[in-house]
>>> print(open('upload01.cif').read())   # mmCIF, C-alpha atoms
data_structure
#
loop_
_atom_site.group_PDB
_atom_site.id
_atom_site.type_symbol
_atom_site.label_atom_id
_atom_site.label_comp_id
_atom_site.auth_asym_id
_atom_site.auth_seq_id
_atom_site.Cartn_x
_atom_site.Cartn_y
_atom_site.Cartn_z
ATOM 1 C CA MET A 30 -5.606 -7.605 40.861
ATOM 2 C CA LYS A 31 -2.852 -10.249 41.130
ATOM 3 C CA LEU A 32 -0.781 -8.480 38.462
ATOM 4 C CA ARG A 33 -1.103 -5.168 40.279
ATOM 5 C CA LYS A 34 -0.011 -6.772 43.563
ATOM 6 C CA LYS A 35 2.933 -8.432 41.825
ATOM 7 C CA VAL A 36 4.013 -5.144 40.219
ATOM 8 C CA LEU A 37 3.695 -3.319 43.553
ATOM 9 C CA THR A 38 5.697 -6.035 45.313
ATOM 10 C CA THR A 39 8.406 -5.831 42.643
ATOM 11 C CA ILE A 40 8.604 -2.037 42.887
ATOM 12 C CA LEU A 41 8.820 -2.146 46.684
ATOM 13 C CA SER A 42 11.479 -4.875 46.539
ATOM 14 C CA VAL A 43 13.610 -2.892 44.098
ATOM 15 C CA ALA A 44 13.225 0.255 46.205
ATOM 16 C CA ALA A 45 14.171 -1.579 49.402
ATOM 17 C CA ALA A 46 17.171 -3.228 47.735
ATOM 18 C CA SER A 47 18.429 0.060 46.350
ATOM 19 C CA ILE A 48 18.188 1.652 49.795
ATOM 20 C CA LEU A 49 19.921 -1.272 51.487
ATOM 21 C CA PHE A 50 22.697 -1.731 48.949
ATOM 22 C CA SER A 51 23.510 1.803 47.895
ATOM 23 C CA GLY A 52 26.032 3.700 49.938
ATOM 24 C CA CYS A 53 25.693 7.336 50.801
ATOM 25 C CA GLY A 54 29.332 7.798 51.557
ATOM 26 C CA VAL A 55 31.305 8.094 54.737
ATOM 27 C CA LYS A 56 33.229 11.267 55.536
ATOM 28 C CA VAL A 57 36.665 11.170 57.088
ATOM 29 C CA ALA A 58 37.412 13.338 60.105
ATOM 30 C CA THR A 59 38.751 16.848 59.820
ATOM 31 C CA TYR A 60 42.518 16.822 60.279
ATOM 32 C CA GLY A 61 44.005 17.376 63.702
ATOM 33 C CA ALA A 62 47.697 18.000 64.281
ATOM 34 C CA SER A 63 49.764 15.310 65.969
ATOM 35 C CA SER A 64 51.753 16.415 69.025
ATOM 36 C CA ASP A 65 54.652 14.187 67.914
ATOM 37 C CA ASN A 66 54.707 15.869 64.505
ATOM 38 C CA VAL A 67 54.503 19.351 66.012
ATOM 39 C CA ASN A 68 57.360 18.613 68.421
ATOM 40 C CA LYS A 69 59.529 17.215 65.612
ATOM 41 C CA LEU A 70 58.848 20.257 63.411
ATOM 42 C CA LYS A 71 59.891 22.613 66.215
ATOM 43 C CA THR A 72 63.406 21.135 66.032
ATOM 44 C CA TYR A 73 63.872 22.525 62.507
ATOM 45 C CA ASN A 74 63.477 26.164 63.533
ATOM 46 C CA ALA A 75 62.838 27.365 59.962
ATOM 47 C CA LYS A 76 59.924 29.402 58.636
ATOM 48 C CA LEU A 77 58.233 27.563 55.758
ATOM 49 C CA ASN A 78 55.501 28.251 53.235
ATOM 50 C CA VAL A 79 53.471 25.525 51.519
ATOM 51 C CA ASN A 80 52.457 25.730 47.878
ATOM 52 C CA ASN A 81 49.404 24.020 46.387
ATOM 53 C CA PHE A 82 49.838 20.254 46.351
ATOM 54 C CA THR A 83 49.146 18.464 43.070
ATOM 55 C CA ALA A 84 48.231 14.871 42.260
ATOM 56 C CA THR A 85 48.626 12.348 39.495
ATOM 57 C CA LYS A 86 44.918 11.588 39.932
ATOM 58 C CA SER A 87 42.918 14.234 41.764
ATOM 59 C CA ASP A 88 40.102 12.670 43.821
ATOM 60 C CA SER A 89 38.105 13.579 46.896
ATOM 61 C CA SER A 90 36.770 10.073 47.525
ATOM 62 C CA ILE A 91 37.773 6.441 47.250
ATOM 63 C CA MET A 92 35.448 3.446 47.072
ATOM 64 C CA CYS A 93 35.126 1.048 49.975
ATOM 65 C CA ARG A 94 34.012 -2.471 49.082
ATOM 66 C CA MET A 95 32.274 -1.288 45.921
ATOM 67 C CA SER A 96 29.494 0.243 48.025
ATOM 68 C CA ASP A 97 30.467 3.327 49.994
ATOM 69 C CA PRO A 98 32.684 6.174 48.881
ATOM 70 C CA ILE A 99 35.019 7.397 51.606
ATOM 71 C CA LYS A 100 34.991 11.190 51.232
ATOM 72 C CA THR A 101 37.032 14.084 52.531
ATOM 73 C CA PRO A 102 35.131 16.220 55.062
ATOM 74 C CA ASN A 103 34.677 19.343 52.940
ATOM 75 C CA GLY A 104 34.860 17.894 49.453
ATOM 76 C CA GLU A 105 38.516 18.869 49.106
ATOM 77 C CA THR A 106 40.797 16.600 47.090
ATOM 78 C CA PHE A 107 43.138 14.197 48.864
ATOM 79 C CA GLU A 108 46.117 16.359 47.883
ATOM 80 C CA GLU A 109 44.392 19.437 49.365
ATOM 81 C CA TYR A 110 43.674 17.488 52.565
ATOM 82 C CA VAL A 111 47.369 16.525 52.861
ATOM 83 C CA GLU A 112 48.476 20.087 52.025
ATOM 84 C CA ASN A 113 46.155 21.522 54.692
ATOM 85 C CA ALA A 114 47.374 18.903 57.175
ATOM 86 C CA LEU A 115 50.998 19.928 56.628
ATOM 87 C CA ILE A 116 50.064 23.599 56.980
ATOM 88 C CA GLU A 117 48.215 22.880 60.235
ATOM 89 C CA GLU A 118 51.221 21.001 61.630
ATOM 90 C CA LEU A 119 53.553 23.875 60.655
ATOM 91 C CA LYS A 120 51.207 26.455 62.195
ATOM 92 C CA MET A 121 51.009 24.499 65.449
ATOM 93 C CA ALA A 122 54.819 24.367 65.501
ATOM 94 C CA GLY A 123 55.023 28.119 64.839
ATOM 95 C CA LEU A 124 56.891 27.568 61.556
ATOM 96 C CA TYR A 125 54.306 28.475 58.922
ATOM 97 C CA SER A 126 54.681 31.771 57.096
ATOM 98 C CA LYS A 127 53.320 32.793 53.708
ATOM 99 C CA ASP A 128 56.317 35.149 53.468
ATOM 100 C CA ALA A 129 58.944 32.454 54.135
ATOM 101 C CA LYS A 130 61.952 32.232 51.819
ATOM 102 C CA ILE A 131 61.489 28.466 51.496
ATOM 103 C CA THR A 132 58.312 26.988 50.013
ATOM 104 C CA LEU A 133 57.455 23.301 50.203
ATOM 105 C CA ASN A 134 55.594 21.623 47.355
ATOM 106 C CA GLY A 135 53.965 18.229 47.246
ATOM 107 C CA HIS A 136 52.781 15.878 44.553
ATOM 108 C CA LEU A 137 50.508 13.006 45.558
ATOM 109 C CA ASN A 138 51.657 10.206 43.277
ATOM 110 C CA GLU A 139 49.189 7.683 44.600
ATOM 111 C CA VAL A 140 46.546 7.023 47.254
ATOM 112 C CA ASN A 141 45.449 3.452 47.889
ATOM 113 C CA ALA A 142 43.172 1.969 50.493
ATOM 114 C CA SER A 143 42.003 -1.496 51.428
ATOM 115 C CA SER A 144 39.351 -2.540 53.923
ATOM 116 C CA THR A 145 40.153 -6.267 53.726
ATOM 117 C CA PRO A 146 40.209 -7.774 57.233
ATOM 118 C CA GLY A 147 43.758 -8.689 58.194
ATOM 119 C CA SER A 148 45.342 -6.382 55.623
ATOM 120 C CA ALA A 149 43.331 -3.162 55.840
ATOM 121 C CA ASN A 150 45.467 -0.099 55.181
ATOM 122 C CA TRP A 151 45.875 3.364 53.695
ATOM 123 C CA GLU A 152 48.945 3.919 51.532
ATOM 124 C CA PHE A 153 50.310 7.179 50.132
ATOM 125 C CA SER A 154 53.173 7.983 47.793
ATOM 126 C CA VAL A 155 54.168 11.654 47.896
ATOM 127 C CA LYS A 156 57.003 13.585 46.299
ATOM 128 C CA VAL A 157 57.997 16.530 48.481
ATOM 129 C CA SER A 158 60.118 19.295 47.004
ATOM 130 C CA SER A 159 61.470 22.640 48.098
ATOM 131 C CA SER A 160 61.937 25.959 46.366
ATOM 132 C CA ASN A 161 65.658 25.357 47.015
ATOM 133 C CA GLY A 162 65.634 22.557 44.411
ATOM 134 C CA LYS A 163 65.858 19.577 46.799
ATOM 135 C CA SER A 164 63.251 16.794 46.794
ATOM 136 C CA PHE A 165 62.488 13.252 47.923
ATOM 137 C CA THR A 166 59.635 10.754 47.734
ATOM 138 C CA VAL A 167 58.015 8.984 50.671
ATOM 139 C CA ILE A 168 55.740 5.986 50.744
ATOM 140 C CA SER A 169 53.690 5.782 53.908
ATOM 141 C CA LYS A 170 51.448 2.860 54.831
ATOM 142 C CA LYS A 171 49.141 2.772 57.850
ATOM 143 C CA ASP A 172 47.536 -0.552 58.776
ATOM 144 C CA TYR A 173 44.285 -0.659 60.719
ATOM 145 C CA SER A 174 41.713 -3.202 61.930
ATOM 146 C CA SER A 175 38.694 -3.774 59.728
ATOM 147 C CA SER A 176 35.408 -5.611 60.078
ATOM 148 C CA PHE A 177 34.074 -8.358 57.836
ATOM 149 C CA MET A 178 30.769 -6.493 57.527
ATOM 150 C CA ALA A 179 30.889 -3.826 54.796
ATOM 151 C CA HIS A 180 29.122 -1.066 56.743
ATOM 152 C CA TYR A 181 31.497 -1.352 59.698
ATOM 153 C CA ALA A 182 34.525 -1.877 57.453
ATOM 154 C CA CYS A 183 33.823 1.348 55.580
ATOM 155 C CA ASN A 184 33.444 3.248 58.854
ATOM 156 C CA ASP A 185 36.750 1.719 59.996
ATOM 157 C CA MET A 186 38.342 2.860 56.733
ATOM 158 C CA ALA A 187 37.098 6.427 57.177
ATOM 159 C CA GLU A 188 38.222 6.543 60.824
ATOM 160 C CA ALA A 189 41.701 5.326 59.849
ATOM 161 C CA PHE A 190 42.254 8.108 57.296
ATOM 162 C CA ARG A 191 43.255 10.907 59.680
ATOM 163 C CA PRO A 192 45.816 8.751 61.565
ATOM 164 C CA ALA A 193 47.108 7.599 58.169
ATOM 165 C CA VAL A 194 47.673 11.216 57.096
ATOM 166 C CA GLN A 195 49.315 11.967 60.459
ATOM 167 C CA LYS A 196 51.679 9.058 59.782
ATOM 168 C CA LEU A 197 52.314 10.386 56.257
ATOM 169 C CA ILE A 198 53.258 13.813 57.646
ATOM 170 C CA SER A 199 55.489 12.055 60.188
ATOM 171 C CA SER A 200 57.172 10.099 57.376
ATOM 172 C CA ILE A 201 57.816 13.356 55.529
ATOM 173 C CA ILE A 202 59.206 15.377 58.429
ATOM 174 C CA ASN A 203 61.252 12.474 59.822
ATOM 175 C CA HIS A 204 62.754 11.658 56.421
ATOM 176 C CA SER A 205 66.548 11.878 56.487
ATOM 177 C CA GLU A 206 66.478 14.559 53.767
ATOM 178 C CA PHE A 207 63.674 16.760 55.129
ATOM 179 C CA LYS A 208 66.106 19.142 56.819
ATOM 180 C CA THR A 209 67.749 19.843 53.428
ATOM 181 C CA LEU A 210 64.360 21.057 52.161
ATOM 182 C CA THR A 211 64.181 23.690 54.903
ATOM 183 C CA LYS A 212 67.480 25.495 54.125
#
>>> encode(input="upload01.cif", output="C-alpha cells")
Amino acid sequence: MKLRKKVLTTILSVAAASILFSGCGVKVATYGASSDNVNKLKTYNAKLNVNNFTATKSDSSIMCRMSDPIKTPNGETFEEYVENALIEELKMAGLYSKDAKITLNGHLNEVNASSTPGSANWEFSVKVSSSNGKSFTVISKKDYSSSFMAHYACNDMAEAFRPAVQKLISSIINHSEFKTLTK
C-alpha cells in the first residue's frame, strides 16, 4: 500500500510539474498599421508591389526564457509577418498595387529578442531591395519593459512584437535611401 501511494504521489508530482513548467506559447497580436508610417508613405506618391520576403532562418516562433515560444498569430513565418505588415501599410497609404512597375523585396537577416528586465528588446536586421536594383539594410531595435516573472515577461515580449515591427517598417520607410527604391 505504501509503495502504491508513493508511486501515485510521484506520478501526480511529475504531472503537476510538467503542467506548471511547460509553456503553451504566447501569440503576438495581428499587425495593425501605424498612422505615422501611413502618413510618411503617402509622401512618396509611388505605386509599389511587394514580393515574398525571405529569411536566413525561417521561423514562426522564438523562445522566451526557455519556457514559452512567442508565436506569430496565424503560424506565418516572421518574414511573412513583416511582408504582410509592409503590404498593410502600403494599402492604408493607397500605394499598394500588384501591377506596380516597382516591386520591393525583403530578406530578414536576423530576428533577436530578449526578455531580460532592463534590457528587453526585439531586434531585426532586414535587407530591402527594389526591382530597380537599389538596396539597403536596416537594423531596428525596439526596447520594452519586462517583468522578472517568466509568465509576465513572455506576455510582455509578445505584446512588444507588433510595436517592434511598426518601428522596423518606420526604419525602412524613413531610411535615407528608401525613396531611391521607389523610382
>>> resolve_selection(input="upload01.cif", expression="the PyMOL selection byres ((chain A and resi 106) around 12)", output="list in words")
Asn81, Phe82, Thr83, Ala84, Thr85, Lys86, Ser87, Asp88, Ser89, Ser90, Ile91, Ile99, Lys100, Thr101, Pro102, Asn103, Gly104, Glu105, Phe107, Glu108, Glu109, Tyr110, Val111, Glu112, Asn113, Leu137 and Val140 of chain A
>>> closest_residue(input="upload01.cif", among="A:Lys56, A:Lys196, A:His136, A:Lys71", to="Val157 (chain A)", atoms="all atoms listed in the file")
A:His136
>>> resolve_selection(input="upload01.cif", expression="the PyMOL selection byres ((chain A and resi 209) around 9)", output="ChimeraX atom specification")
/A:159,161,163-164,205-208,210-212
>>> write_last_selection(input="upload01.cif", atoms="C-alpha atoms", output="PDB file, in the frame of the given file")
ATOM      1  CA  SER A 159      61.470  22.640  48.098  1.00  0.00           C
ATOM      2  CA  ASN A 161      65.658  25.357  47.015  1.00  0.00           C
ATOM      3  CA  LYS A 163      65.858  19.577  46.799  1.00  0.00           C
ATOM      4  CA  SER A 164      63.251  16.794  46.794  1.00  0.00           C
ATOM      5  CA  SER A 205      66.548  11.878  56.487  1.00  0.00           C
ATOM      6  CA  GLU A 206      66.478  14.559  53.767  1.00  0.00           C
ATOM      7  CA  PHE A 207      63.674  16.760  55.129  1.00  0.00           C
ATOM      8  CA  LYS A 208      66.106  19.142  56.819  1.00  0.00           C
ATOM      9  CA  LEU A 210      64.360  21.057  52.161  1.00  0.00           C
ATOM     10  CA  THR A 211      64.181  23.690  54.903  1.00  0.00           C
ATOM     11  CA  LYS A 212      67.480  25.495  54.125  1.00  0.00           C
TER      12      LYS A 212
END
>>> resolve_selection(input="upload01.cif", expression="the PyMOL selection byres ((chain A and resi 156) around 9)", output="count of residues only")
14
>>> atom_distance(input="upload01.cif", atom1="CA of Pro146 (chain A)", atom2="CA of Asp65 (chain A)")
28.4 Å
>>> residues_around(input="upload01.cif", residues="Trp151 (chain A)", least_positions_apart="6", cutoff="9 Å", atoms="all atoms listed in the file", output="PyMOL selection string")
chain A and resi 140-144+169-173+186+189-190+193-194
>>> closest_residue(input="upload01.cif", among="A:Leu115, A:Cys53, A:Leu133, A:Ala122", to="Gly162 (chain A)", atoms="all atoms listed in the file")
A:Leu133
>>> closest_residue(input="upload01.cif", among="A:Ala187, A:Ala75, A:Cys93, A:Ala149", to="Leu124 (chain A)", atoms="only C-alpha atoms")
A:Ala75
>>> residues_around(input="upload01.cif", residues="Asp97 (chain A)", least_positions_apart="3", cutoff="9 Å", atoms="all atoms listed in the file", output="PyMOL selection string")
chain A and resi 51-55+91-94+179-180+183
>>> write_last_selection(input="upload01.cif", atoms="C-alpha atoms", output="mmCIF file, in the coordinates of the input")
data_model
loop_
_atom_site.group_PDB
_atom_site.id
_atom_site.type_symbol
_atom_site.label_atom_id
_atom_site.label_comp_id
_atom_site.auth_asym_id
_atom_site.auth_seq_id
_atom_site.Cartn_x
_atom_site.Cartn_y
_atom_site.Cartn_z
ATOM 1 C CA SER A 51 23.510 1.803 47.895
ATOM 2 C CA GLY A 52 26.032 3.700 49.938
ATOM 3 C CA CYS A 53 25.693 7.336 50.801
ATOM 4 C CA GLY A 54 29.332 7.798 51.557
ATOM 5 C CA VAL A 55 31.305 8.094 54.737
ATOM 6 C CA ILE A 91 37.773 6.441 47.250
ATOM 7 C CA MET A 92 35.448 3.446 47.072
ATOM 8 C CA CYS A 93 35.126 1.048 49.975
ATOM 9 C CA ARG A 94 34.012 -2.471 49.082
ATOM 10 C CA ALA A 179 30.889 -3.826 54.796
ATOM 11 C CA HIS A 180 29.122 -1.066 56.743
ATOM 12 C CA CYS A 183 33.823 1.348 55.580
#
>>> closest_residue(input="upload01.cif", among="A:Ala129, A:Ile202, A:Leu197, A:Ser176", to="Asn80 (chain A)", atoms="all atoms listed in the file")
A:Ala129
>>> residues_around(input="upload01.cif", residues="Gly61 (chain A)", least_positions_apart="4", cutoff="8 Å", atoms="all atoms listed in the file", output="VMD selection string")
chain A and resid 114 117 191
>>> atom_distance(input="upload01.cif", atom1="CA of Asn68 (chain A)", atom2="CA of Lys120 (chain A)")
11.8 Å
>>> atom_distance(input="upload01.cif", atom1="CA of Asn74 (chain A)", atom2="CA of Leu119 (chain A)")
10.6 Å
>>> closest_residue(input="upload01.cif", among="A:Phe153, A:Asp128, A:Ser96, A:Gln195", to="Ser64 (chain A)", atoms="only C-alpha atoms")
A:Gln195
>>> closest_residue(input="upload01.cif", among="A:Met121, A:Pro98, A:Ala58, A:Lys127", to="Leu77 (chain A)", atoms="only C-alpha atoms")
A:Lys127
>>> axis_aligned_box(input="upload01.cif", around="region 57-71 of chain A", padding_each_side="4 Å", output="AutoDock Vina command-line options")
--center_x 48.3 --center_y 16.9 --center_z 63.1 --size_x 31.2 --size_y 19.4 --size_z 19.9
